[in-house]
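As stored in target22.cif (mmCIF, C-alpha atoms and all ligand atoms):
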```
data_coords
#
loop_
_atom_site.group_PDB
_atom_site.id
_atom_site.type_symbol
_atom_site.label_atom_id
_atom_site.label_comp_id
_atom_site.auth_asym_id
_atom_site.auth_seq_id
_atom_site.Cartn_x
_atom_site.Cartn_y
_atom_site.Cartn_z
ATOM 1 C CA MET A 1 2.684 8.944 -21.528
ATOM 2 C CA GLY A 2 5.139 11.814 -21.642
ATOM 3 C CA ASP A 3 8.769 12.170 -20.613
ATOM 4 C CA VAL A 4 7.858 13.786 -17.307
ATOM 5 C CA GLU A 5 5.918 10.708 -16.109
ATOM 6 C CA ARG A 6 8.627 8.381 -17.409
ATOM 7 C CA ASP A 7 11.182 10.403 -15.535
ATOM 8 C CA LEU A 8 9.042 10.323 -12.403
ATOM 9 C CA LEU A 9 8.720 6.560 -12.683
ATOM 10 C CA GLY A 10 12.456 6.179 -13.280
ATOM 11 C CA VAL A 11 13.242 8.293 -10.242
ATOM 12 C CA ALA A 12 10.703 6.396 -8.103
ATOM 13 C CA GLU A 13 12.275 3.084 -9.098
ATOM 14 C CA THR A 14 15.871 4.244 -8.552
ATOM 15 C CA VAL A 15 15.064 5.589 -5.127
ATOM 16 C CA ALA A 16 12.914 2.595 -4.115
ATOM 17 C CA ARG A 17 15.659 0.133 -5.128
ATOM 18 C CA GLU A 18 18.254 1.917 -3.029
ATOM 19 C CA ALA A 19 15.830 2.144 -0.109
ATOM 20 C CA ALA A 20 14.946 -1.540 -0.390
ATOM 21 C CA GLU A 21 18.598 -2.506 -0.286
ATOM 22 C CA LEU A 22 19.082 -0.442 2.856
ATOM 23 C CA ALA A 23 15.996 -1.935 4.580
ATOM 24 C CA ARG A 24 17.093 -5.479 3.701
ATOM 25 C CA SER A 25 20.730 -5.174 4.717
ATOM 26 C CA TYR A 26 20.023 -3.162 7.880
ATOM 27 C CA ARG A 27 17.353 -5.533 9.257
ATOM 28 C CA ASP A 28 19.351 -7.557 11.805
ATOM 29 C CA GLU A 29 20.562 -4.388 13.486
ATOM 30 C CA ALA A 30 17.384 -2.327 13.001
ATOM 31 C CA ILE A 31 15.025 -4.780 14.693
ATOM 32 C CA ARG A 32 16.968 -4.340 17.901
ATOM 33 C CA GLN A 33 15.996 -0.644 17.856
ATOM 34 C CA VAL A 34 12.192 -0.597 17.998
ATOM 35 C CA ASP A 35 9.807 2.083 19.280
ATOM 36 C CA THR A 36 6.015 2.154 19.131
ATOM 37 C CA LYS A 37 3.644 4.709 17.602
ATOM 38 C CA SER A 38 -0.188 4.788 17.721
ATOM 39 C CA SER A 39 -0.382 1.756 20.044
ATOM 40 C CA GLU A 40 1.965 -0.803 21.559
ATOM 41 C CA THR A 41 1.331 -3.086 18.573
ATOM 42 C CA ASP A 42 2.316 -0.356 16.051
ATOM 43 C CA PRO A 43 6.126 -0.583 15.776
ATOM 44 C CA VAL A 44 8.685 1.659 14.131
ATOM 45 C CA THR A 45 12.237 0.393 13.685
ATOM 46 C CA ALA A 46 15.481 2.225 13.056
ATOM 47 C CA ALA A 47 15.150 0.976 9.460
ATOM 48 C CA ASP A 48 11.804 2.746 8.892
ATOM 49 C CA ARG A 49 13.495 6.028 9.835
ATOM 50 C CA ALA A 50 16.785 5.426 8.027
ATOM 51 C CA THR A 51 15.021 4.292 4.864
ATOM 52 C CA GLU A 52 12.810 7.372 4.753
ATOM 53 C CA ARG A 53 15.883 9.559 5.349
ATOM 54 C CA LEU A 54 17.641 7.934 2.388
ATOM 55 C CA ILE A 55 14.595 8.378 0.146
ATOM 56 C CA ARG A 56 14.347 12.057 1.097
ATOM 57 C CA THR A 57 18.047 12.641 0.471
ATOM 58 C CA ARG A 58 17.935 10.957 -2.942
ATOM 59 C CA LEU A 59 14.713 12.709 -4.014
ATOM 60 C CA ALA A 60 16.249 16.050 -3.046
ATOM 61 C CA GLU A 61 19.192 15.246 -5.344
ATOM 62 C CA LEU A 62 17.192 13.870 -8.264
ATOM 63 C CA ARG A 63 14.091 16.113 -8.070
ATOM 64 C CA PRO A 64 15.238 19.202 -6.137
ATOM 65 C CA GLY A 65 12.602 21.347 -4.497
ATOM 66 C CA GLU A 66 9.699 18.908 -4.727
ATOM 67 C CA PRO A 67 7.898 18.340 -1.417
ATOM 68 C CA VAL A 68 7.859 14.890 0.169
ATOM 69 C CA LEU A 69 5.137 13.449 2.419
ATOM 70 C CA GLY A 70 6.482 10.467 4.344
ATOM 71 C CA GLU A 71 5.122 8.324 7.147
ATOM 72 C CA GLU A 72 7.997 8.901 9.558
ATOM 73 C CA GLU A 73 8.796 12.598 9.028
ATOM 74 C CA GLY A 74 5.498 13.984 7.727
ATOM 75 C CA GLY A 75 6.052 17.030 5.512
ATOM 76 C CA GLY A 76 4.792 17.383 1.975
ATOM 77 C CA GLY A 77 3.285 20.857 2.328
ATOM 78 C CA GLY A 78 3.732 23.566 -0.247
ATOM 79 C CA ALA A 79 3.059 21.672 -3.472
ATOM 80 C CA GLY A 80 1.496 24.189 -5.854
ATOM 81 C CA ALA A 81 -1.306 23.331 -8.289
ATOM 82 C CA GLY A 82 -0.057 21.095 -11.070
ATOM 83 C CA THR A 83 3.263 20.347 -9.360
ATOM 84 C CA VAL A 84 4.691 17.088 -8.052
ATOM 85 C CA ARG A 85 4.536 15.889 -4.468
ATOM 86 C CA TRP A 86 6.219 12.625 -3.502
ATOM 87 C CA VAL A 87 4.392 10.272 -1.143
ATOM 88 C CA VAL A 88 6.518 7.696 0.618
ATOM 89 C CA ASP A 89 6.063 4.736 2.934
ATOM 90 C CA PRO A 90 9.643 3.652 3.698
ATOM 91 C CA ILE A 91 8.541 0.221 4.956
ATOM 92 C CA ASP A 92 4.944 -0.875 4.460
ATOM 93 C CA GLY A 93 4.474 -3.999 6.551
ATOM 94 C CA THR A 94 6.739 -3.131 9.468
ATOM 95 C CA VAL A 95 5.263 -5.897 11.643
ATOM 96 C CA ASN A 96 6.175 -8.437 8.939
ATOM 97 C CA TYR A 97 9.645 -6.883 8.676
ATOM 98 C CA LEU A 98 10.123 -7.193 12.407
ATOM 99 C CA TYR A 99 9.211 -10.867 12.396
ATOM 100 C CA GLY A 100 11.220 -11.767 9.280
ATOM 101 C CA TYR A 101 8.063 -12.432 7.254
ATOM 102 C CA PRO A 102 9.174 -11.396 3.758
ATOM 103 C CA TRP A 103 5.963 -9.610 2.700
ATOM 104 C CA TYR A 104 6.927 -5.949 3.192
ATOM 105 C CA ALA A 105 7.779 -3.207 0.725
ATOM 106 C CA VAL A 106 9.089 0.271 0.020
ATOM 107 C CA SER A 107 6.383 2.434 -1.558
ATOM 108 C CA VAL A 108 7.230 5.578 -3.550
ATOM 109 C CA ALA A 109 4.651 7.571 -5.525
ATOM 110 C CA ALA A 110 4.554 10.870 -7.373
ATOM 111 C CA GLN A 111 1.262 12.735 -7.102
ATOM 112 C CA VAL A 112 0.033 15.843 -8.892
ATOM 113 C CA ASP A 113 -2.900 17.645 -7.267
ATOM 114 C CA GLY A 114 -3.308 14.643 -4.953
ATOM 115 C CA VAL A 115 -3.591 12.151 -7.822
ATOM 116 C CA SER A 116 -0.944 9.458 -8.287
ATOM 117 C CA VAL A 117 0.787 9.685 -11.674
ATOM 118 C CA ALA A 118 3.665 7.258 -11.087
ATOM 119 C CA GLY A 119 4.303 4.675 -8.400
ATOM 120 C CA VAL A 120 6.688 1.896 -7.431
ATOM 121 C CA VAL A 121 6.328 -0.784 -4.765
ATOM 122 C CA LEU A 122 9.630 -2.602 -4.232
ATOM 123 C CA GLU A 123 9.934 -5.810 -2.190
ATOM 124 C CA PRO A 124 13.332 -5.916 -0.467
ATOM 125 C CA ALA A 125 13.191 -9.641 0.306
ATOM 126 C CA SER A 126 12.600 -10.801 -3.283
ATOM 127 C CA GLY A 127 13.687 -7.754 -5.286
ATOM 128 C CA ARG A 128 10.313 -7.770 -7.092
ATOM 129 C CA CYS A 129 9.430 -4.383 -8.546
ATOM 130 C CA TRP A 130 5.801 -3.380 -9.071
ATOM 131 C CA ALA A 131 5.357 -0.187 -11.088
ATOM 132 C CA ALA A 132 2.767 1.939 -12.856
ATOM 133 C CA GLU A 133 2.389 5.180 -14.746
ATOM 134 C CA ARG A 134 -1.014 6.753 -15.117
ATOM 135 C CA GLY A 135 -2.395 5.835 -18.528
ATOM 136 C CA ALA A 136 0.468 3.484 -19.394
ATOM 137 C CA GLY A 137 -0.384 0.298 -17.497
ATOM 138 C CA ALA A 138 1.197 -1.542 -14.598
ATOM 139 C CA THR A 139 4.048 -4.042 -14.533
ATOM 140 C CA LEU A 140 5.767 -6.558 -12.293
ATOM 141 C CA ASP A 141 9.467 -6.695 -13.159
ATOM 142 C CA GLY A 142 8.614 -5.252 -16.550
ATOM 143 C CA VAL A 143 5.826 -7.735 -17.361
ATOM 144 C CA PRO A 144 2.353 -6.192 -17.824
ATOM 145 C CA LEU A 145 -0.187 -6.887 -15.078
ATOM 146 C CA ARG A 146 -3.864 -7.693 -15.396
ATOM 147 C CA VAL A 147 -6.498 -8.216 -12.714
ATOM 148 C CA SER A 148 -8.266 -11.576 -12.346
ATOM 149 C CA ALA A 149 -11.288 -12.550 -14.417
ATOM 150 C CA ALA A 150 -13.353 -13.429 -11.314
ATOM 151 C CA GLU A 151 -17.092 -12.851 -11.647
ATOM 152 C CA ARG A 152 -18.526 -14.511 -8.565
ATOM 153 C CA LEU A 153 -18.153 -13.120 -5.077
ATOM 154 C CA ASP A 154 -18.729 -16.534 -3.501
ATOM 155 C CA LEU A 155 -15.592 -17.754 -5.330
ATOM 156 C CA ALA A 156 -13.525 -14.634 -4.680
ATOM 157 C CA LEU A 157 -10.331 -14.373 -2.626
ATOM 158 C CA VAL A 158 -10.349 -11.012 -0.876
ATOM 159 C CA GLY A 159 -7.636 -9.269 1.143
ATOM 160 C CA THR A 160 -8.124 -6.896 4.037
ATOM 161 C CA GLY A 161 -6.276 -5.343 6.951
ATOM 162 C CA PHE A 162 -6.987 -4.182 10.467
ATOM 163 C CA ALA A 163 -6.200 -0.952 12.300
ATOM 164 C CA TYR A 164 -3.666 -0.876 15.118
ATOM 165 C CA ARG A 165 -6.255 0.514 17.585
ATOM 166 C CA PRO A 166 -7.947 -2.379 19.456
ATOM 167 C CA ASP A 167 -11.492 -0.901 19.480
ATOM 168 C CA ARG A 168 -11.451 -0.263 15.741
ATOM 169 C CA ARG A 169 -9.946 -3.614 14.814
ATOM 170 C CA ARG A 170 -12.624 -5.371 16.859
ATOM 171 C CA ARG A 171 -15.353 -3.624 14.830
ATOM 172 C CA GLN A 172 -13.538 -4.375 11.569
ATOM 173 C CA ALA A 173 -13.217 -8.045 12.510
ATOM 174 C CA ALA A 174 -16.930 -8.221 13.357
ATOM 175 C CA GLY A 175 -17.760 -6.939 9.865
ATOM 176 C CA VAL A 176 -15.329 -9.389 8.281
ATOM 177 C CA ALA A 177 -16.969 -12.227 10.243
ATOM 178 C CA GLU A 178 -20.276 -11.248 8.579
ATOM 179 C CA LEU A 179 -18.651 -11.230 5.152
ATOM 180 C CA MET A 180 -16.763 -14.493 5.578
ATOM 181 C CA GLY A 181 -19.632 -16.772 4.540
ATOM 182 C CA ARG A 182 -20.070 -14.902 1.246
ATOM 183 C CA LEU A 183 -16.511 -15.307 -0.110
ATOM 184 C CA ARG A 184 -14.059 -18.058 -0.998
ATOM 185 C CA ASP A 185 -11.716 -16.782 1.706
ATOM 186 C CA ILE A 186 -10.004 -13.791 3.278
ATOM 187 C CA ARG A 187 -6.288 -12.923 3.373
ATOM 188 C CA ARG A 188 -4.598 -10.526 5.805
ATOM 189 C CA SER A 189 -1.093 -10.038 4.456
ATOM 190 C CA GLY A 190 0.183 -7.159 6.603
ATOM 191 C CA SER A 191 1.098 -4.793 3.761
ATOM 192 C CA ALA A 192 -1.554 -2.592 2.200
ATOM 193 C CA ALA A 193 0.749 -1.596 -0.678
ATOM 194 C CA LEU A 194 1.362 -5.246 -1.551
ATOM 195 C CA ASP A 195 -2.328 -6.146 -1.138
ATOM 196 C CA LEU A 196 -3.074 -3.599 -3.869
ATOM 197 C CA CYS A 197 -0.301 -5.076 -6.044
ATOM 198 C CA ALA A 198 -1.784 -8.537 -5.425
ATOM 199 C CA VAL A 199 -5.108 -7.319 -6.842
ATOM 200 C CA ALA A 200 -3.205 -5.986 -9.869
ATOM 201 C CA ALA A 201 -1.646 -9.417 -10.443
ATOM 202 C CA GLY A 202 -4.861 -11.381 -9.893
ATOM 203 C CA TRP A 203 -3.386 -12.965 -6.753
ATOM 204 C CA LEU A 204 -6.403 -11.456 -4.993
ATOM 205 C CA ASP A 205 -9.783 -10.714 -6.590
ATOM 206 C CA GLY A 206 -10.388 -7.771 -4.272
ATOM 207 C CA TYR A 207 -9.081 -5.875 -1.255
ATOM 208 C CA PHE A 208 -10.577 -3.443 1.217
ATOM 209 C CA GLU A 209 -9.348 -1.681 4.321
ATOM 210 C CA HIS A 210 -10.353 1.225 6.550
ATOM 211 C CA GLY A 211 -8.177 3.983 7.889
ATOM 212 C CA LEU A 212 -5.240 3.778 5.504
ATOM 213 C CA SER A 213 -2.944 6.758 5.125
ATOM 214 C CA ARG A 214 -2.029 8.287 1.786
ATOM 215 C CA TRP A 215 1.458 6.723 1.876
ATOM 216 C CA ASP A 216 -0.088 3.232 2.224
ATOM 217 C CA TRP A 217 -2.012 3.448 -1.066
ATOM 218 C CA ALA A 218 -0.404 6.202 -3.216
ATOM 219 C CA ALA A 219 1.660 3.762 -5.323
ATOM 220 C CA GLY A 220 -0.338 0.538 -4.897
ATOM 221 C CA ALA A 221 -3.728 1.997 -5.826
ATOM 222 C CA LEU A 222 -2.299 3.314 -9.112
ATOM 223 C CA ILE A 223 -0.762 -0.096 -9.838
ATOM 224 C CA ALA A 224 -4.121 -1.798 -9.177
ATOM 225 C CA GLU A 225 -6.038 0.746 -11.252
ATOM 226 C CA GLU A 226 -3.630 0.544 -14.181
ATOM 227 C CA ALA A 227 -3.968 -3.253 -14.129
ATOM 228 C CA GLY A 228 -7.714 -2.844 -14.597
ATOM 229 C CA ALA A 229 -9.051 -2.803 -11.033
ATOM 230 C CA LEU A 230 -11.920 -0.640 -9.974
ATOM 231 C CA VAL A 231 -10.468 1.494 -7.166
ATOM 232 C CA ARG A 232 -12.320 3.642 -4.651
ATOM 233 C CA LEU A 233 -9.955 5.740 -2.530
ATOM 234 C CA PRO A 234 -10.699 6.761 1.070
ATOM 235 C CA GLY A 235 -13.485 9.373 1.018
ATOM 236 C CA GLU A 236 -14.951 8.252 -2.322
ATOM 237 C CA LEU A 237 -17.353 5.717 -0.808
ATOM 238 C CA ARG A 238 -19.912 6.417 1.888
ATOM 239 C CA GLY A 239 -18.372 6.367 5.349
ATOM 240 C CA PRO A 240 -15.183 7.995 6.535
ATOM 241 C CA ASP A 241 -12.249 6.085 5.125
ATOM 242 C CA LEU A 242 -12.909 2.808 3.327
ATOM 243 C CA LEU A 243 -10.593 1.911 0.420
ATOM 244 C CA LEU A 244 -11.732 -0.713 -2.069
ATOM 245 C CA ALA A 245 -9.931 -2.272 -5.043
ATOM 246 C CA ALA A 246 -11.447 -5.119 -7.004
ATOM 247 C CA THR A 247 -11.532 -6.763 -10.363
ATOM 248 C CA PRO A 248 -14.551 -5.274 -12.211
ATOM 249 C CA GLY A 249 -16.386 -8.629 -12.321
ATOM 250 C CA ILE A 250 -16.963 -8.651 -8.549
ATOM 251 C CA ALA A 251 -16.664 -4.965 -7.647
ATOM 252 C CA GLU A 252 -20.377 -4.231 -7.487
ATOM 253 C CA GLU A 253 -21.235 -7.383 -5.539
ATOM 254 C CA LEU A 254 -18.338 -6.850 -3.120
ATOM 255 C CA THR A 255 -19.366 -3.227 -2.542
ATOM 256 C CA ALA A 256 -22.924 -4.311 -1.703
ATOM 257 C CA ALA A 257 -21.668 -7.104 0.570
ATOM 258 C CA LEU A 258 -19.404 -4.678 2.475
ATOM 259 C CA ASP A 259 -22.355 -2.370 2.962
ATOM 260 C CA GLU A 260 -24.605 -5.199 4.167
ATOM 261 C CA ALA A 261 -21.888 -6.337 6.596
ATOM 262 C CA GLY A 262 -21.845 -2.826 8.100
ATOM 263 C CA LEU A 263 -18.327 -2.198 6.826
ATOM 264 C CA PHE A 264 -19.045 1.245 5.301
ATOM 265 C CA ASP A 265 -19.749 3.083 8.513
ATOM 266 C CA LEU A 266 -17.194 1.790 11.012
HETATM 267 C C1 LIG A 301 0.356 -0.996 7.731
HETATM 268 C C2 LIG A 301 0.209 -2.131 6.746
HETATM 269 C C3 LIG A 301 -0.944 -3.024 7.130
HETATM 270 C C4 LIG A 301 -2.228 -2.248 7.236
HETATM 271 C C5 LIG A 301 -2.087 -1.091 8.196
HETATM 272 C C6 LIG A 301 -0.916 -0.188 7.768
HETATM 273 P P1 LIG A 301 2.820 -0.033 8.207
HETATM 274 O O1 LIG A 301 1.416 -0.130 7.365
HETATM 275 O O2 LIG A 301 -0.009 -1.632 5.442
HETATM 276 O O3 LIG A 301 -1.164 -4.054 6.188
HETATM 277 O O4 LIG A 301 -3.247 -3.113 7.696
HETATM 278 O O5 LIG A 301 -3.285 -0.345 8.141
HETATM 279 O O6 LIG A 301 -0.784 0.865 8.695
HETATM 280 O O7 LIG A 301 2.468 0.483 9.564
HETATM 281 O O8 LIG A 301 3.420 -1.380 8.227
HETATM 282 O O9 LIG A 301 3.560 0.977 7.377
HETATM 283 CA CA CA A 302 2.048 1.568 5.729
HETATM 284 CA CA CA A 303 5.378 2.233 7.227
#
```
As structure tokens, how would this structure be written, given the file I've shared?
Amino acid sequence: MGDVERDLLGVAETVAREAAELARSYRDEAIRQVDTKSSETDPVTAADRATERLIRTRLAELRPGEPVLGEEEGGGGGAGAGTVRWVVDPIDGTVNYLYGYPWYAVSVAAQVDGVSVAGVVLEPASGRCWAAERGAGATLDGVPLRVSAAERLDLALVGTGFAYRPDRRRRQAAGVAELMGRLRDIRRSGSAALDLCAVAAGWLDGYFEHGLSRWDWAAGALIAEEAGALVRLPGELRGPDLLLAATPGIAEELTAALDEAGLFDL
């Protein structure tokens, strides 16, 4: 891996650490300033906005002129072919953040032509730093990550998530109910970025979710892939927007089970 990627990873980590510190220290005040977005159950706090602002300011200083796509402010247009665009979720797991559940993270990725080349997922509550560079592996606090050795779907622990829109989450839950009898168990953690990191660490054998946005997966999917997961990004499988990450030993069986449970075409 060349100096450019290393520099991108270094910048992603620097910026994510500063952002994580802001999100953590600002929480008590920020959770008193909450608005909602796509539905009444989809919150945005003052910390989501302030954290993205900080990330944008720091990226502009460290990597001037590179466009940034972020959940709260949008943007990101104008990246030419072969150039870097940053993709940022200032707080992934805002509902957890709001409730004081420590499973939330800052996600910062660098993409070139829409493909993630470096990514960091930083957990403010624990300080854990998940990172990956394309072609150079994935790490948790500097220690290399490897997916689980699971080979049987009926013994697999699989993560998922549900959309904020009630009609869609009902259909997702119906599909998950179908799947339930074919797995060891299901987890719903509340942070897509960290679910992907959990696959990288072998804490989950697989993960799937519909309707994610680019900022949810840009860093985490690279971390999972670099740890050896088979990853299918939204648009790569049949159906509109299913993302799948799994250890190779169960990937095929899980894909077939999702299809049979009607989870491709929601
Ligand atoms: C959400 C989380 C959640 C997932 C949702 C995402 P947010 O992101 O990643 O786990 O199920 O689809 O929107 O809103 O907390 O940034
Ligand atoms: Ca998110
Ligand atoms: Ca978010």
Check: ligand CA 302 (chain A): which residues are within 8 Å, counting all atoms listed in the file, as a PyMOL selection string?
Finding: chain A and resi 71+89+91-94+191-193+212-213+215-216
Item checked: Minimum-distance residue to ligand LIG 301 (chain A), chosen among A:Gly228, A:Pro43, A:Pro166, A:Gly135 (using only C-alpha atoms and all ligand atoms) ->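 Going through A:Gly228, A:Pro43, A:Pro166, A:Gly135 one by one, the smallest distance to ligand LIG 301 (chain A) is for A:Pro43.
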Checklist line | Hits from the PyMOL selection byres (((chain A and resi 227) around 10) and not hetatm), listed as number ranges by chain | finding: A: 132, 136-139, 144-148, 197, 199-202, 221-226, 228-230, 247
Next item on the list: Please identify all polymer residues within 12 Å of Asp167 of chain A, counting only C-alpha atoms, omitting same-chain residues fewer than 6 positions from it, and present them as an NGL selection string.
Entry: :A and (39 or 173-174 or 266)
Next item on the list: In Å, rounded to a single decimal, give me how far atom CA of Thr51 of chain A is from atom CA of Ala12 of chain A.
Entry: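 Atom-to-atom, atom CA of Ala12 of chain A to atom CA of Thr51 of chain A, that is 13.8 Å.
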Mind giving me the axis-aligned box for segment 115-131 of chain A with 6 Å on every side, centre plus edges in Å to one decimal, as lines of an AutoDock Vina configuration file?
```
center_x = 5.0
center_y = 0.7
center_z = -5.7
size_x = 29.3
size_y = 35.0
size_z = 24.0
```
The PyMOL selection byres (((chain A and resi 65) around 12) and not hetatm) - which residues does that actually catch in the file I just gave you? List them as a short mmCIF file (atom, residue, chain, number, x, y, z; two decimals) with C-alpha atoms, in the coordinates of the input.
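Final file, part_16.cif:
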```cif
data_model
loop_
_atom_site.label_atom_id
_atom_site.label_comp_id
_atom_site.auth_asym_id
_atom_site.auth_seq_id
_atom_site.Cartn_x
_atom_site.Cartn_y
_atom_site.Cartn_z
CA ARG A 56 14.35 12.06 1.10
CA THR A 57 18.05 12.64 0.47
CA ARG A 58 17.93 10.96 -2.94
CA LEU A 59 14.71 12.71 -4.01
CA ALA A 60 16.25 16.05 -3.05
CA GLU A 61 19.19 15.25 -5.34
CA LEU A 62 17.19 13.87 -8.26
CA ARG A 63 14.09 16.11 -8.07
CA PRO A 64 15.24 19.20 -6.14
CA GLU A 66 9.70 18.91 -4.73
CA PRO A 67 7.90 18.34 -1.42
CA VAL A 68 7.86 14.89 0.17
CA GLY A 76 4.79 17.38 1.98
CA GLY A 77 3.28 20.86 2.33
CA GLY A 78 3.73 23.57 -0.25
CA ALA A 79 3.06 21.67 -3.47
CA GLY A 80 1.50 24.19 -5.85
CA THR A 83 3.26 20.35 -9.36
CA VAL A 84 4.69 17.09 -8.05
CA ARG A 85 4.54 15.89 -4.47
CA TRP A 86 6.22 12.62 -3.50
#
```
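Run against this file, the PyMOL selection byres (((chain A and resi 17) around 9) and not hetatm) gives back Ala12, Glu13, Thr14, Val15, Ala16, Glu18, Ala19, Ala20, Glu21, Leu22, Val106, Leu122, Glu123, Pro124, Gly127 and Cys129 of chain A.
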Next item on the list: Would you mind listing what lies within 7 Å of segment 113-119 of chain A as a PyMOL selection string, with only C-alpha atoms counted and same-chain residues fewer than 6 positions away left out?
Entry: chain A and resi 5+8-9+12+81-82+131-134+218-219+222
Notebook entry, point to check: Rounded to one decimal in Å, what is the spacing between atom O4 of ligand LIG 301 (chain A) and atom CA of Arg184 of chain A?
Noted result: 20.4 Å
Checklist line | A:Ala23, A:Val34, A:Ala198, A:Leu179 ranked by distance to Ala256 of chain A, top pick (using all atoms listed in the file) | finding: A:Leu179
Ile186 of chain A: which residues within 7 Å, counting all atoms listed in the file, same-chain residues fewer than 6 positions away excluded, as a CSV table (one decimal) with C-alpha atoms, keeping the file's coordinate frame?
```csv
chain,number,residue,atom,x,y,z
A,157,LEU,CA,-10.3,-14.4,-2.6
A,158,VAL,CA,-10.3,-11.0,-0.9
A,159,GLY,CA,-7.6,-9.3,1.1
```
Notebook entry, point to check: Expressed in Å to a single decimal, how great is the separation between atom CA of Leu244 of chain A and atom CA of Val112 of chain A?
Noted result: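 The value is 21.4 Å.
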Next item on the list: Up to 7 Å from (8.0, 4.8, 13.7) in the file's coordinates: name the residues, counting all atoms listed in the file, as number ranges by chain.
Entry: A: 35-37, 43-45, 48-49, 72
With C-alpha atoms retained, export the selected residues as a JSON list (two decimals), in the coordinates of the input.
```json
[["chain", "number", "residue", "atom", "x", "y", "z"],
["A", 35, "ASP", "CA", 9.81, 2.08, 19.28],
["A", 36, "THR", "CA", 6.02, 2.15, 19.13],
["A", 37, "LYS", "CA", 3.64, 4.71, 17.60],
["A", 43, "PRO", "CA", 6.13, -0.58, 15.78],
["A", 44, "VAL", "CA", 8.68, 1.66, 14.13],
["A", 45, "THR", "CA", 12.24, 0.39, 13.68],
["A", 48, "ASP", "CA", 11.80, 2.75, 8.89],
["A", 49, "ARG", "CA", 13.50, 6.03, 9.84],
["A", 72, "GLU", "CA", 8.00, 8.90, 9.56]]
```
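Using all atoms listed in the file for every distance, the candidate list A:Ala245, A:Ala109, A:Val95, A:Leu196 yields A:Val95 as the residue closest to ligand LIG 301 (chain A).
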Note to self: Between A:Asp28, A:Glu178, A:Glu40, A:Asp7, which residue has the minimum interatomic distance to Tyr164 of chain A, considering all atoms listed in the file?
What the structure shows: A:Glu40
Note to self: Between A:Ala105, A:Leu140, A:Ala257, A:Ala177, which residue has the minimum interatomic distance to ligand CA 303 (chain A), considering only C-alpha atoms and all ligand atoms?
What the structure shows: A:Ala105
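Take the candidates A:Pro234, A:Gly211, A:Pro248, A:Gly220 and check each one against ligand LIG 301 (chain A) using all atoms listed in the file; the shortest distance goes to A:Gly211.
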